[in-house]
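Here's the structure we're looking at; comments come further down.
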Protein chains: 2
Amino acid sequence: MRFIYNSCRLSEEKIIKTAGILTDYVNDLKEITLRKNYEAPEGSLNLPSDKVIEDEIKKVMRKMVSNKLKYIINIGIGGSYLGTRAVYDALHGAFETIENRRFPKIIFADTNDPEFLTKLTRFLSAEIVRNDEILINVISKSGGTTETMVNFEVILAALSRKFPDILNRTVVTTDEESKLYRAAQNKDCQILTMPKKVGGRYSIFSNVGMFPLAVSGVDTKKLRGGAISMRTLCLNKNPAQNPALLSACILYLHYKNGIPMNDNFFFHTELESLGKWYRQLMGESIGKNGEGITPLVSIGSNDLHSTVQLYWGGPKNKLTALISSKNYRENNTVPSRLQFPGLTADIENKSLSDIMSAIYRGVIITYKKLELPFVEIVLDTVSEKSLGEFMQFKMIEIMYLAKLLRMNAFDQPQVELYKIETKKILREKSTI
Amino acid sequence: MRFIYNSCRLSEEKIIKTAGILTDYVNDLKEITLRKNYEAPEGSLNLPSDKVIEDEIKKVMRKMVSNKLKYIINIGIGGSYLGTRAVYDALHGAFETIENRRFPKIIFADTNDPEFLTKLTRFLSAEIVRNDEILINVISKSGGTTETMVNFEVILAALSRKFPDILNRTVVTTDEESKLYRAAQNKDCQILTMPKKVGGRYSIFSNVGMFPLAVSGVDTKKLRGGAISMRTLCLNKNPAQNPALLSACILYLHYKNGIPMNDNFFFHTELESLGKWYRQLMGESIGKNGEGITPLVSIGSNDLHSTVQLYWGGPKNKLTALISSKNYRENNTVPSRLQFPGLTADIENKSLSDIMSAIYRGVIITYKKLELPFVEIVLDTVSEKSLGEFMQFKMIEIMYLAKLLRMNAFDQPQVELYKIETKKILREKSTI
């Protein structure tokens, strides 16, 4: 992964000076990685190299996963969902319709959409013949997330008619001190734990993400390997060689200059869910005390035919990160003899990656001409390794950014507001 | 569809006064609907009631569509794509994985993603047995959109090996004066036209959207019916009874008060693509001359566990539209005896719609407590009719909003910038 910032429209001096504010914090993070435990909220940094997690996952997989497995029903929301989905969609999910015979598939049950859930339970009841074709994976740190427990109970009820032993096909990932943990023990479910102090949005390299991804066929070792190498880079004291530090300073300085939005413009359709993972990471970590940067997700070339008119012709109120890859996993070529020649010039015999690269370069030139600030993140290719790199890079960037903004990167106080009201309404409905 | 604005935090007086600026324009739009033609750029208003479109579609469907049809490959980008996708996803696409035996399916080929397109051509070559199982639907107003022509040529090349007569299974939708129109005539493709002055983002009720949707099994008559009834409402001179006028004035006044963003918060996962359709409509129509409102799309309850921390705890820089429905097409109930009782209170025996409604009401109370401005759009249910209503409402709202902002709602000057650069790069690569 390369981080290019020569068009960020800030002076190197100013960036380096800002990075200086974080010298102590870089040291703190380094110390945390030496301790290898989860006592600090930044302990998530130790997840990618934690051998215990690897062993736990292997153990559960030996019991629960065979080549008969077709569907992993992943029940979780927010931080128990977005990271897993980001990686799964990038590697498999975005191609689900056209790779309809690839198994096992992950089906995500996040919110309580009545239509989706009704169709899902109907589908599973009809589709699943033997119980080893399905694995129910429930993730809730607190063990009390309304959406998650509702989906879990509805799916269990639907499947237990056909498979009375469906709890034997269930894995629960939760905090060791949660009520769900104890309940799951009494029910003979498989249990995986997550460190208490690691928040959902920093939990992708824990059992929360690694277990379902490993089961779905993702090479989690490479994913963690990417994270480990990026961690080293992003704890470098020399800001010029530390992409997370540079990125955090650039975001901070533009925000302080009055830029309220950060557009993450992915030139890969299959990375849209990765953008959504980052929306949560940024939104929950640095959106508080009346301050915060609003994250946007754009997709190239699609949004060149959509919001880009506004982003280029409207107010100059966005800092953009253009995310692309140097290589593609697969490619194809426009024929040298077209069926409809003369409609679009110079496409004959070009590979699709040549065309995407020409579009990307056209976009870069336009940002420069319009004097709009941007940085580039260039992945090697979309792979386990580069996804691990990107996610670790962004998690450390956000820790730095929160420190610069004097915010707690690990709480989310406002989210509780509607939960209290919702619970009140549900209670009223029950007592009538 | 109901539009509720009593929490928009603006005085009725101010809204009605602002609406007064548009009195002449409301009359202009009404006149345009009386003329029933496409001479004005606002002519898109006449599409839903255009019988010619209905007849053209029926004619092509009789020739091209049988119960053997499995896949419609919809090749188009931006305005030739987003509206169709919005409706398709709301009714079918969002459930594709769990309704894997429902046909015909639409597969969208929009950008030139090398991986997606390579997998797609491989899939089609393996999956399609007879040529009446596939229909290639190409949409390009100008007939020269790079992404569209590239996808078209690559897919034709891949399929023509197996099906030399694949052009007989192709429908082209384009402007009657485009080069593509003439080329398609020479090739014996089926051709559908679109009015020259109707821009892509206003074209959903033309052949651009109605043809592929009709083929996929959507009841386009109900869709157009919803639009027709909403058109009457949104051309009402009395602002208090005209939701498009009210919505435009509320957006305008908050923007003038310094609010740069408009969050469209859908409490239906399957409406995410409808949000993306609106992003283009707003972004291209009112993002110019250094001005514009940035549209955001949120999904409930998912984003309550993501960006909402920022939206509630961060800067007060968003006007929110909460979009929900009164009824659901399907529903399910949490069992009265839980497998894991005591983890989440008061969910027993509740229907999923009760739970979603409790979450929604919790959100409303929170917006009020935090004194954040919002409006509500309540659909009857997610259906052809309500989608038609919503889309027509929003297209008229944006026309009004552009008029208030003194902008041309129908051009997109900045979008050309990268196209010129991209074409230059492609030309250079060809001459080397």
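Letters A, B, ... go to the chains of the structure tokens in the order shown; residues in each chain start at 1; ligands are counted from 1 in the same order.
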Excluding Ile72 of chain A and its own-chain neighbours fewer than 4 positions away, which residues fall within 10 Å of it when counting only C-alpha atoms? Please give them as a CSV table (one decimal) with N, CA, C and O atoms, in the first residue's frame.
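Once written, part.csv looks like this:
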chain,number,residue,atom,x,y,z
A,103,PHE,N,-19.4,-21.8,-2.5
A,103,PHE,CA,-19.8,-21.9,-1.1
A,103,PHE,C,-18.6,-22.1,-0.3
A,103,PHE,O,-17.6,-22.5,-0.8
A,104,PRO,N,-18.7,-21.9,1.1
A,104,PRO,CA,-19.9,-21.3,1.8
A,104,PRO,C,-20.0,-19.8,1.6
A,104,PRO,O,-19.0,-19.1,1.4
A,105,LYS,N,-21.3,-19.4,1.6
A,105,LYS,CA,-21.6,-18.0,1.5
A,105,LYS,C,-21.9,-17.5,2.9
A,105,LYS,O,-22.5,-18.2,3.7
A,106,ILE,N,-21.6,-16.2,3.1
A,106,ILE,CA,-22.1,-15.5,4.3
A,106,ILE,C,-23.3,-14.8,4.0
A,106,ILE,O,-23.3,-14.0,3.0
A,107,ILE,N,-24.4,-15.0,4.7
A,107,ILE,CA,-25.6,-14.1,4.7
A,107,ILE,C,-25.6,-13.3,5.9
A,107,ILE,O,-25.5,-13.8,7.0
A,108,PHE,N,-25.7,-12.0,5.8
A,108,PHE,CA,-25.6,-11.1,6.9
A,108,PHE,C,-27.0,-10.7,7.4
A,108,PHE,O,-27.8,-10.2,6.6
A,133,GLU,N,-25.0,-28.1,6.8
A,133,GLU,CA,-25.0,-27.1,5.7
A,133,GLU,C,-25.1,-25.7,6.2
A,133,GLU,O,-24.9,-24.7,5.5
A,134,ILE,N,-25.4,-25.5,7.5
A,134,ILE,CA,-25.6,-24.2,8.0
A,134,ILE,C,-24.8,-24.0,9.3
A,134,ILE,O,-24.6,-24.9,10.1
A,135,LEU,N,-24.4,-22.7,9.5
A,135,LEU,CA,-23.7,-22.3,10.7
A,135,LEU,C,-24.3,-21.0,11.1
A,135,LEU,O,-24.3,-20.0,10.3
A,136,ILE,N,-24.8,-20.9,12.3
A,136,ILE,CA,-25.3,-19.6,12.8
A,136,ILE,C,-24.2,-19.0,13.7
A,136,ILE,O,-23.7,-19.5,14.6
A,137,ASN,N,-23.8,-17.8,13.3
A,137,ASN,CA,-22.7,-17.1,13.9
A,137,ASN,C,-23.2,-15.8,14.5
A,137,ASN,O,-23.6,-14.8,13.8
A,170,THR,N,-24.5,-23.5,16.3
A,170,THR,CA,-24.4,-22.1,16.6
A,170,THR,C,-23.1,-21.7,17.3
A,170,THR,O,-22.7,-22.5,18.2
A,212,PRO,N,-15.8,-15.7,11.2
A,212,PRO,CA,-16.6,-15.9,10.0
A,212,PRO,C,-15.9,-15.9,8.7
A,212,PRO,O,-16.2,-16.6,7.7
A,213,LEU,N,-14.9,-15.0,8.7
A,213,LEU,CA,-14.1,-14.9,7.4
A,213,LEU,C,-13.3,-16.2,7.1
A,213,LEU,O,-13.3,-16.6,6.0
A,215,VAL,N,-14.0,-19.1,8.1
A,215,VAL,CA,-15.0,-20.2,7.7
A,215,VAL,C,-15.4,-20.0,6.2
A,215,VAL,O,-15.6,-21.0,5.5
A,216,SER,N,-15.5,-18.8,5.8
A,216,SER,CA,-16.0,-18.5,4.4
A,216,SER,C,-14.9,-18.7,3.4
A,216,SER,O,-15.2,-18.5,2.2
- Once you count only C-alpha atoms, which residues of chain A turn out to be within 6 Å of chain B? Could you give them as a PyMOL selection string? chain A and resi 78+98+111+114-115+118+120+123+144+154+280+283-284+287-288+290-292+301-302+305-307+309-310+313-315+330-332+334+343-344+346+352+358-359+362-363+366+414-415+418+421-422+425-427
- Go through segment 17-228 of chain B and collect every residue that DSSP, computed from the backbone, puts in strand (DSSP E or B); the answer should be as a PyMOL selection string. chain B and resi 71-75+105-109+134-139+170-175+190-194
- Message: Can you tell me which residues surround Ile191 of chain B at a distance of at most 9 Å, considering only C-alpha atoms, apart from same-chain residues fewer than 2 positions away, and format the answer as an MDAnalysis selection string?
- Response: chainID B and resid 60 170:174 181 184:185 188:189 193
Suppose we keep all heavy atoms; can you now write the selection as a compact mmCIF listing (two decimals), in the first residue's frame?
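Saved as selection_13.txt:
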# COMPACT_ATOMS: atom_id res chain seq x y z
N VAL B 60 -41.75 -4.42 -28.11
CA VAL B 60 -40.42 -5.04 -27.99
C VAL B 60 -40.50 -6.28 -27.09
O VAL B 60 -39.87 -7.32 -27.37
CB VAL B 60 -39.38 -4.04 -27.47
CG1 VAL B 60 -38.04 -4.72 -27.26
CG2 VAL B 60 -39.22 -2.88 -28.44
N THR B 170 -30.53 -8.26 -28.37
CA THR B 170 -30.06 -6.99 -27.82
C THR B 170 -31.08 -5.89 -28.06
O THR B 170 -31.64 -5.78 -29.15
CB THR B 170 -28.73 -6.61 -28.50
OG1 THR B 170 -27.78 -7.65 -28.24
CG2 THR B 170 -28.18 -5.30 -27.96
N VAL B 171 -31.31 -5.09 -27.03
CA VAL B 171 -32.17 -3.90 -27.15
C VAL B 171 -31.32 -2.68 -26.82
O VAL B 171 -30.59 -2.68 -25.83
CB VAL B 171 -33.38 -3.97 -26.17
CG1 VAL B 171 -34.25 -2.73 -26.30
CG2 VAL B 171 -34.19 -5.24 -26.44
N VAL B 172 -31.39 -1.69 -27.66
CA VAL B 172 -30.61 -0.47 -27.46
C VAL B 172 -31.57 0.68 -27.18
O VAL B 172 -32.53 0.88 -27.92
CB VAL B 172 -29.78 -0.16 -28.72
CG1 VAL B 172 -29.19 1.24 -28.65
CG2 VAL B 172 -28.68 -1.20 -28.89
N THR B 173 -31.34 1.41 -26.09
CA THR B 173 -32.14 2.60 -25.80
C THR B 173 -31.25 3.83 -25.93
O THR B 173 -30.22 3.94 -25.25
CB THR B 173 -32.76 2.53 -24.39
OG1 THR B 173 -33.58 1.36 -24.32
CG2 THR B 173 -33.59 3.76 -24.07
N THR B 174 -31.61 4.73 -26.82
CA THR B 174 -30.75 5.88 -27.09
C THR B 174 -31.57 7.00 -27.72
O THR B 174 -32.74 6.83 -28.07
CB THR B 174 -29.57 5.47 -28.01
OG1 THR B 174 -28.67 6.56 -28.14
CG2 THR B 174 -30.05 5.03 -29.39
N TYR B 181 -27.89 5.03 -32.48
CA TYR B 181 -29.21 4.73 -33.06
C TYR B 181 -29.04 4.21 -34.48
O TYR B 181 -29.58 3.17 -34.85
CB TYR B 181 -30.07 6.00 -33.04
CG TYR B 181 -31.48 5.80 -33.55
CD1 TYR B 181 -32.49 5.42 -32.68
CD2 TYR B 181 -31.80 5.98 -34.89
CE1 TYR B 181 -33.79 5.23 -33.12
CE2 TYR B 181 -33.10 5.79 -35.36
CZ TYR B 181 -34.09 5.42 -34.47
OH TYR B 181 -35.38 5.22 -34.92
N ALA B 184 -27.28 0.83 -34.60
CA ALA B 184 -28.15 -0.26 -34.14
C ALA B 184 -29.16 -0.64 -35.23
O ALA B 184 -29.51 -1.82 -35.37
CB ALA B 184 -28.86 0.15 -32.85
N GLN B 185 -29.59 0.34 -35.98
CA GLN B 185 -30.52 0.04 -37.09
C GLN B 185 -29.86 -0.89 -38.11
O GLN B 185 -30.46 -1.83 -38.60
CB GLN B 185 -30.93 1.34 -37.80
CG GLN B 185 -32.06 2.08 -37.10
CD GLN B 185 -32.48 3.31 -37.87
OE1 GLN B 185 -31.64 4.09 -38.33
NE2 GLN B 185 -33.79 3.51 -38.02
N ASP B 188 -29.79 -4.67 -36.94
CA ASP B 188 -31.02 -5.39 -36.60
C ASP B 188 -31.21 -5.61 -35.10
O ASP B 188 -31.80 -6.61 -34.69
CB ASP B 188 -31.07 -6.75 -37.31
CG ASP B 188 -31.31 -6.59 -38.80
OD1 ASP B 188 -32.03 -5.65 -39.18
OD2 ASP B 188 -30.77 -7.40 -39.57
N CYS B 189 -30.70 -4.69 -34.28
CA CYS B 189 -31.06 -4.72 -32.85
C CYS B 189 -32.45 -4.12 -32.71
O CYS B 189 -32.90 -3.35 -33.56
CB CYS B 189 -30.13 -3.83 -32.02
SG CYS B 189 -28.42 -4.27 -32.08
N THR B 193 -36.33 4.55 -27.96
CA THR B 193 -35.77 5.90 -27.93
C THR B 193 -36.11 6.60 -26.62
O THR B 193 -36.94 6.14 -25.84
CB THR B 193 -36.33 6.75 -29.10
OG1 THR B 193 -37.74 6.80 -28.97
CG2 THR B 193 -35.93 6.15 -30.43
- Item | Pairwise distance for atom CA of Gln392 of chain B and atom CA of Ile323 of chain B, rounded to one decimal in Å | 15.1 Å
- Task: May I have all residues of segment 234-425 of chain A that DSSP, computed from the backbone, assigns to helix (DSSP H, G or I), given as a ChimeraX atom specification?
- Result: /A:234,239-241,243-256,269-286,302-305,308-313,352-369,384-404,413-425
Just want the 8 Å neighbourhood of Ala90 of chain B, counted on only C-alpha atoms, with same-chain residues fewer than 6 positions away dropped. Output as a compact mmCIF listing (two decimals) with C-alpha atoms, in the first residue's frame.
# COMPACT_ATOMS: atom_id res chain seq x y z
CA GLU B 270 -33.78 -2.36 0.29
CA LEU B 271 -34.11 1.38 -0.37
CA SER B 273 -30.23 2.20 -4.11
CA LEU B 274 -33.13 4.65 -4.11
CA VAL B 382 -42.54 -0.37 -0.33
- Task: For Ser324 of chain B, please output as a VMD selection string all residues within 8 Å (counting only C-alpha atoms; exclusion window: fewer than 4 positions along the same chain).
- Result: chain B and resid 266 to 268 376 to 379
With N, CA and C atoms retained, write the just-selected residues as a short mmCIF file (atom, residue, chain, number, x, y, z; two decimals), in the first residue's frame.
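And here's selection_23.cif as it stands now:
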data_model
loop_
_atom_site.label_atom_id
_atom_site.label_comp_id
_atom_site.auth_asym_id
_atom_site.auth_seq_id
_atom_site.Cartn_x
_atom_site.Cartn_y
_atom_site.Cartn_z
N PHE B 266 -33.05 6.18 5.32
CA PHE B 266 -34.08 5.22 4.94
C PHE B 266 -34.18 4.11 5.98
N PHE B 267 -35.38 3.88 6.49
CA PHE B 267 -35.57 2.76 7.43
C PHE B 267 -36.01 1.50 6.69
N HIS B 268 -35.37 1.24 5.58
CA HIS B 268 -35.58 0.03 4.78
C HIS B 268 -34.26 -0.26 4.09
N GLU B 376 -40.17 14.08 7.74
CA GLU B 376 -40.48 12.65 7.59
C GLU B 376 -41.19 12.42 6.26
N ILE B 377 -40.78 11.36 5.59
CA ILE B 377 -41.50 10.91 4.38
C ILE B 377 -41.99 9.50 4.69
N VAL B 378 -43.29 9.35 4.77
CA VAL B 378 -43.85 8.05 5.15
C VAL B 378 -44.53 7.42 3.92
N LEU B 379 -43.93 6.36 3.43
CA LEU B 379 -44.53 5.63 2.32
C LEU B 379 -45.62 4.74 2.89
#
- Item | Pairwise distance for atom CA of Arg101 of chain B and atom CA of Tyr88 of chain B, rounded to one decimal in Å | 15.9 Å
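Of the listed residues A:Asp24, A:Glu389, A:Asp165, A:Glu56, the one whose atoms come nearest to Ser229 of chain A is A:Glu389, with distances taken using only C-alpha atoms.
Excluding Met230 of chain A and any residue on its chain fewer than 5 positions from it, the residues at most 12 Å away by only C-alpha atoms are A:Met1, A:Arg2, A:Phe3, A:Leu45, A:Pro48, A:Leu223, A:Arg224, A:Gly225, A:Leu235, A:Asn236, A:Gln241, A:Asn242, A:Pro243, A:Ala244, A:Lys385, A:Ser386, A:Leu387, A:Gly388, A:Glu389, A:Phe390, A:Met391, A:Gln392, A:Phe393, A:Lys394, A:Met395, A:Ile396, A:Glu397.
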May I have the selected residues written with C-alpha atoms, as a tab-separated table (two decimals), in the first residue's frame?
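Contents of result10.tsv, as written:
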chain	number	residue	atom	x	y	z
A	1	MET	CA	0.00	0.00	0.00
A	2	ARG	CA	1.30	3.42	-0.95
A	3	PHE	CA	0.12	6.73	0.54
A	45	LEU	CA	-3.32	-3.23	17.87
A	48	PRO	CA	-3.40	-9.37	14.35
A	223	LEU	CA	-5.16	-10.56	6.26
A	224	ARG	CA	-3.46	-10.42	9.66
A	225	GLY	CA	-0.06	-10.40	7.98
A	235	LEU	CA	4.12	3.28	14.58
A	236	ASN	CA	7.20	4.77	12.93
A	241	GLN	CA	7.48	7.42	6.70
A	242	ASN	CA	4.29	6.93	8.66
A	243	PRO	CA	1.17	6.97	6.45
A	244	ALA	CA	-1.32	6.90	9.36
A	385	LYS	CA	-3.01	-8.72	2.41
A	386	SER	CA	-3.98	-5.28	1.10
A	387	LEU	CA	-7.30	-5.30	2.97
A	388	GLY	CA	-5.43	-6.06	6.19
A	389	GLU	CA	-3.02	-3.23	5.44
A	390	PHE	CA	-5.76	-0.73	4.67
A	391	MET	CA	-7.84	-1.54	7.74
A	392	GLN	CA	-4.91	-1.39	10.17
A	393	PHE	CA	-3.72	1.85	8.55
A	394	LYS	CA	-7.14	3.44	8.99
A	395	MET	CA	-7.61	2.28	12.59
A	396	ILE	CA	-4.30	3.83	13.61
A	397	GLU	CA	-4.99	6.96	11.55
